[in-house]
$ cat entry_1.txt   # compact mmCIF, C-alpha atoms
# COMPACT_ATOMS: atom_id res chain seq x y z
CA MET A 1084 108.32 91.29 87.03
CA LEU A 1085 111.07 89.33 88.80
CA PRO A 1086 113.79 87.35 86.96
CA GLY A 1087 112.18 84.14 88.27
CA GLU A 1088 108.77 84.96 86.81
CA TRP A 1089 110.36 85.96 83.52
CA ARG A 1090 112.52 82.81 83.45
CA ARG A 1091 109.54 80.47 83.85
CA ARG A 1092 107.88 81.63 80.64
CA PRO A 1093 108.98 79.12 77.95
CA GLY A 1094 109.56 81.70 75.21
CA ASP A 1095 111.66 83.84 77.50
CA LYS A 1096 113.55 80.86 78.95
CA ARG A 1097 114.77 80.02 75.43
CA GLU A 1098 116.56 83.36 75.36
CA LEU A 1099 118.65 82.43 78.43
CA VAL A 1100 119.49 78.78 77.70
CA GLY A 1101 123.23 78.32 77.46
CA THR A 1102 124.12 81.97 77.94
CA SER A 1103 126.85 83.29 80.19
CA ALA A 1104 126.05 85.33 83.29
CA GLU A 1105 127.11 88.50 81.47
CA ALA A 1106 124.84 87.79 78.49
CA ALA A 1107 121.94 86.76 80.75
CA GLY A 1108 122.37 89.98 82.71
CA ARG A 1109 122.11 92.05 79.54
CA VAL A 1110 118.96 90.14 78.52
CA LEU A 1111 117.36 90.61 81.95
CA GLU A 1112 118.18 94.32 82.03
CA ARG A 1113 116.57 94.80 78.62
CA ARG A 1114 113.55 92.54 79.09
CA LEU A 1115 112.77 93.75 82.62
CA GLU A 1116 113.49 97.36 81.61
CA GLU A 1117 115.93 97.81 84.48
CA PRO A 1118 119.16 99.19 83.00
CA GLY A 1119 122.15 99.36 85.32
CA ARG A 1120 120.93 96.51 87.54
CA ARG A 1121 122.72 93.65 85.75
CA ALA A 1122 124.71 92.41 88.77
CA GLU A 1123 121.69 92.53 91.09
CA LEU A 1124 119.46 90.78 88.57
CA ILE A 1125 122.03 88.01 88.07
CA GLU A 1126 122.36 87.59 91.84
CA GLU A 1127 118.60 87.24 92.14
CA LEU A 1128 118.48 84.83 89.21
CA ASN A 1129 121.24 82.74 90.83
CA ARG A 1130 119.27 82.51 94.08
CA LEU A 1131 116.18 81.43 92.14
CA VAL A 1132 118.12 78.79 90.20
CA VAL A 1133 119.53 77.32 93.41
CA ALA A 1134 116.00 77.18 94.89
CA GLU A 1135 114.70 75.47 91.74
CA LEU A 1136 117.53 72.91 91.85
CA GLU A 1137 116.45 71.86 95.32
CA HIS A 1138 113.03 70.89 93.91
CA GLY A 1139 114.71 68.33 91.66
CA VAL A 1140 116.54 68.00 88.40
CA GLU A 1141 115.34 65.78 85.59
CA ALA A 1142 117.96 64.09 83.46
CA MET A 1143 117.55 64.29 79.71
CA VAL A 1144 115.84 61.26 78.18
CA GLY A 1145 118.48 58.56 77.68
CA ALA A 1146 121.18 60.26 79.78
CA ARG A 1147 121.57 57.46 82.34
CA GLU A 1148 121.90 54.75 79.71
CA LEU A 1149 124.27 56.77 77.53
CA LEU A 1150 126.58 57.71 80.40
CA GLN A 1151 126.58 54.12 81.64
CA ALA A 1152 127.49 52.77 78.18
CA LEU A 1153 130.27 55.32 77.66
CA LYS A 1154 131.64 54.75 81.17
CA ALA A 1155 131.63 50.96 80.70
CA ARG A 1156 133.56 51.39 77.47
CA GLY A 1157 136.13 53.66 79.11
CA THR A 1158 135.31 56.72 77.03
CA PRO A 1159 136.48 59.93 78.71
CA ILE A 1160 133.40 62.02 79.51
CA GLY A 1161 133.36 65.74 80.16
CA LEU A 1162 130.65 68.18 81.09
CA VAL A 1163 130.99 71.78 79.90
CA SER A 1164 128.62 74.47 81.13
CA ASN A 1165 128.29 78.25 81.21
CA SER A 1166 126.62 77.85 84.62
CA PRO A 1167 128.55 78.41 87.84
CA LEU A 1168 130.34 75.28 89.08
CA ALA A 1169 128.18 75.19 92.23
CA PHE A 1170 125.02 74.91 90.08
CA VAL A 1171 126.54 72.18 87.95
CA ARG A 1172 127.78 70.12 90.90
CA ARG A 1173 124.48 70.44 92.78
CA SER A 1174 122.52 69.41 89.67
CA LEU A 1175 124.74 66.34 89.30
CA GLU A 1176 124.27 65.42 92.96
CA ILE A 1177 120.48 65.71 92.74
CA ALA A 1178 120.39 63.65 89.52
CA ALA A 1179 122.84 61.10 91.03
CA PHE A 1180 125.40 61.74 88.26
CA GLU A 1181 128.26 63.06 90.37
CA ASP A 1182 130.54 60.11 89.53
CA ARG A 1183 129.76 59.98 85.80
CA PHE A 1184 132.08 62.70 84.49
CA ASP A 1185 135.87 62.61 84.28
CA ALA A 1186 136.07 66.39 83.85
CA ILE A 1187 133.62 69.16 84.70
CA VAL A 1188 134.30 72.64 83.36
CA SER A 1189 132.37 75.77 84.19
CA ALA A 1190 132.93 78.70 81.87
CA HIS A 1191 133.55 80.68 85.06
CA GLU A 1192 136.90 78.83 85.20
CA THR A 1193 138.04 79.90 81.72
CA ALA A 1194 139.12 83.17 80.10
CA ALA A 1195 135.92 83.40 78.05
CA PRO A 1196 132.53 81.64 78.28
CA LYS A 1197 130.66 79.92 75.48
CA PRO A 1198 130.32 80.79 72.57
CA ALA A 1199 134.13 81.06 72.80
CA PRO A 1200 135.87 77.67 72.50
CA ASP A 1201 137.73 78.09 75.83
CA PRO A 1202 135.49 75.86 78.01
CA TYR A 1203 135.61 73.00 75.48
CA LEU A 1204 139.34 73.34 74.97
CA GLU A 1205 139.83 73.21 78.75
CA ALA A 1206 137.66 70.10 78.99
CA CYS A 1207 139.73 68.40 76.28
CA ARG A 1208 142.91 69.34 78.15
CA ARG A 1209 141.56 67.91 81.42
CA LEU A 1210 140.42 64.74 79.68
CA GLY A 1211 143.76 64.33 77.94
CA VAL A 1212 142.20 64.28 74.46
CA GLU A 1213 143.22 66.25 71.40
CA PRO A 1214 140.41 68.59 70.28
CA GLY A 1215 139.20 67.66 66.83
CA PRO A 1216 136.41 66.01 64.86
CA SER A 1217 136.80 62.69 66.72
CA VAL A 1218 135.62 64.41 69.91
CA VAL A 1219 131.82 64.58 70.05
CA ALA A 1220 129.99 67.35 71.92
CA LEU A 1221 126.32 66.96 72.79
CA GLU A 1222 124.82 70.45 73.05
CA ASP A 1223 121.42 71.93 73.88
CA SER A 1224 122.07 75.62 73.22
CA PRO A 1225 123.18 77.78 70.28
CA THR A 1226 126.05 79.22 72.37
CA GLY A 1227 127.21 75.70 73.20
CA VAL A 1228 127.03 74.61 69.58
CA ALA A 1229 129.10 77.65 68.56
CA ALA A 1230 131.68 76.96 71.29
CA ALA A 1231 132.10 73.28 70.42
CA ARG A 1232 132.37 74.05 66.70
CA ALA A 1233 134.95 76.77 67.42
CA ALA A 1234 136.95 74.17 69.37
CA GLY A 1235 136.90 71.93 66.27
CA LEU A 1236 134.63 69.25 67.75
CA THR A 1237 131.81 67.33 66.09
CA VAL A 1238 128.56 68.69 67.49
CA ILE A 1239 125.24 66.94 67.95
CA GLY A 1240 122.48 69.37 68.84
CA ILE A 1241 119.85 68.01 71.22
CA PRO A 1242 117.32 70.67 72.24
CA SER A 1243 116.33 70.54 75.91
CA ILE A 1244 113.75 73.30 75.47
CA ALA A 1245 111.20 73.26 72.66
CA GLY A 1246 111.88 75.87 70.01
CA VAL A 1247 115.64 76.24 70.56
CA ALA A 1248 117.25 76.26 67.12
CA LEU A 1249 120.55 74.38 66.83
CA GLU A 1250 120.98 74.46 63.06
CA GLU A 1251 124.73 75.14 63.30
CA ALA A 1252 125.28 71.68 64.84
CA HIS A 1253 126.75 69.03 62.54
CA HIS A 1254 123.86 66.72 63.46
CA ILE A 1255 120.52 67.15 65.21
CA ALA A 1256 118.99 64.51 67.49
CA ALA A 1257 115.57 64.37 69.09
CA SER A 1258 116.99 62.85 72.29
CA LEU A 1259 120.05 61.07 73.64
CA ARG A 1260 118.42 57.82 72.46
CA ASP A 1261 118.41 59.02 68.85
CA GLU A 1262 120.26 56.89 66.29
CA VAL A 1263 122.44 59.87 65.30
CA VAL A 1264 123.90 59.89 68.84
CA ALA A 1265 124.58 56.15 68.82
CA ARG A 1266 126.14 56.29 65.35
CA ASN A 1267 128.45 59.21 66.16
CA LEU A 1268 129.50 57.76 69.53
CA VAL A 1269 129.91 54.30 67.94
CA LEU A 1270 127.61 52.59 70.44
$ encode --input "entry_1.txt" --output "structure tokens"
Amino acid sequence: MLPGEWRRRPGDKRELVGTSAEAAGRVLERRLEEPGRRAELIEELNRLVVAELEHGVEAMVGARELLQALKARGTPIGLVSNSPLAFVRRSLEIAAFEDRFDAIVSAHETAAPKPAPDPYLEACRRLGVEPGPSVVALEDSPTGVAAARAAGLTVIGIPSIAGVALEEAHHIAASLRDEVVARNLVL
């Protein structure tokens, strides 16, 4: 089985959501029973992700409206991802969101990826905001929730894949249109 075939199965995809390349490589080695091939498997997965991006990227429900409201209000907006910066930037281009974020941080730019706080702390630094409970992180993965909490931020968990458990988040929302998002972002 190829990483792409494995990645398309919903139950297996949940295991990769939000993970770093190193963690994803370990998962792929184990699940595909190919020890010692971590780097090659990640390279192949990266090629498959790039190919998938070119077929389109769907924004989360409510993303356009939320970003527009925050931008209009002058709220600094950051995007923090464990994905390589090239993936993140291409996704934003395809979704027509490239001008919506004031700071974009890939964990590949920091000393440690999520679940370490480093990517969130770097985003706060770039945005010129003090990390703390007044900074709200919207997260769709357990590693992201852990990273944002470790950075001292308030975390709203919004699953992007059915079955992903985000119980460590301070709040859980069904979508970006959920009242818990509006209340915490004071919209």
$ residues_near_point --input "entry_1.txt" --point "(129.9, 81.3, 69.6)" --cutoff "10 Å" --atoms "only C-alpha atoms" --output "ChimeraX atom specification"
/A:1196-1200,1225-1233
$ atom_distance --input "entry_1.txt" --atom1 "CA of Pro1214 in chain A" --atom2 "CA of Ser1174 in chain A"
26.4 Å
$ residues_around --input "entry_1.txt" --residues "Gly1108 in chain A" --least-positions-apart "6" --cutoff "12 Å" --atoms "only C-alpha atoms" --output "ChimeraX atom specification"
/A:1086,1098-1099,1102,1114-1129
$ closest_residue --input "entry_1.txt" --among "A:Met1143, A:Leu1153, A:Val1219, A:Val1133" --to "Ile1244 in chain A" --atoms "all atoms listed in the file"
A:Met1143
$ closest_residue --input "entry_1.txt" --among "A:Leu1168, A:Ile1160, A:Leu1204, A:Val1218" --to "Asp1185 in chain A" --atoms "all atoms listed in the file"
A:Ile1160
$ closest_residue --input "entry_1.txt" --among "A:Pro1159, A:Pro1242, A:Thr1237, A:Gly1145" --to "Glu1262 in chain A" --atoms "only C-alpha atoms"
A:Gly1145
$ residues_around --input "entry_1.txt" --residues "Ala1265 in chain A" --least-positions-apart "5" --cutoff "12 Å" --atoms "all atoms listed in the file" --output "number ranges by chain"
A: 1145, 1148-1150, 1152-1153, 1219, 1221, 1239, 1254, 1256, 1258-1260, 1270
$ atom_distance --input "entry_1.txt" --atom1 "CA of Ala1106 in chain A" --atom2 "CA of Ala1194 in chain A"
15.1 Å
$ closest_residue --input "entry_1.txt" --among "A:Ala1186, A:Leu1268, A:Val1140, A:Ala1195" --to "Val1163 in chain A" --atoms "all atoms listed in the file"
A:Ala1186
$ closest_residue --input "entry_1.txt" --among "A:Ala1252, A:Thr1158, A:Val1110, A:Glu1137" --to "Gly1211 in chain A" --atoms "all atoms listed in the file"
A:Thr1158
$ atom_distance --input "entry_1.txt" --atom1 "CA of Ala1257 in chain A" --atom2 "CA of Val1269 in chain A"
17.6 Å
$ closest_residue --input "entry_1.txt" --among "A:Val1212, A:Cys1207, A:Ala1234, A:Ile1187" --to "Arg1172 in chain A" --atoms "only C-alpha atoms"
A:Ile1187
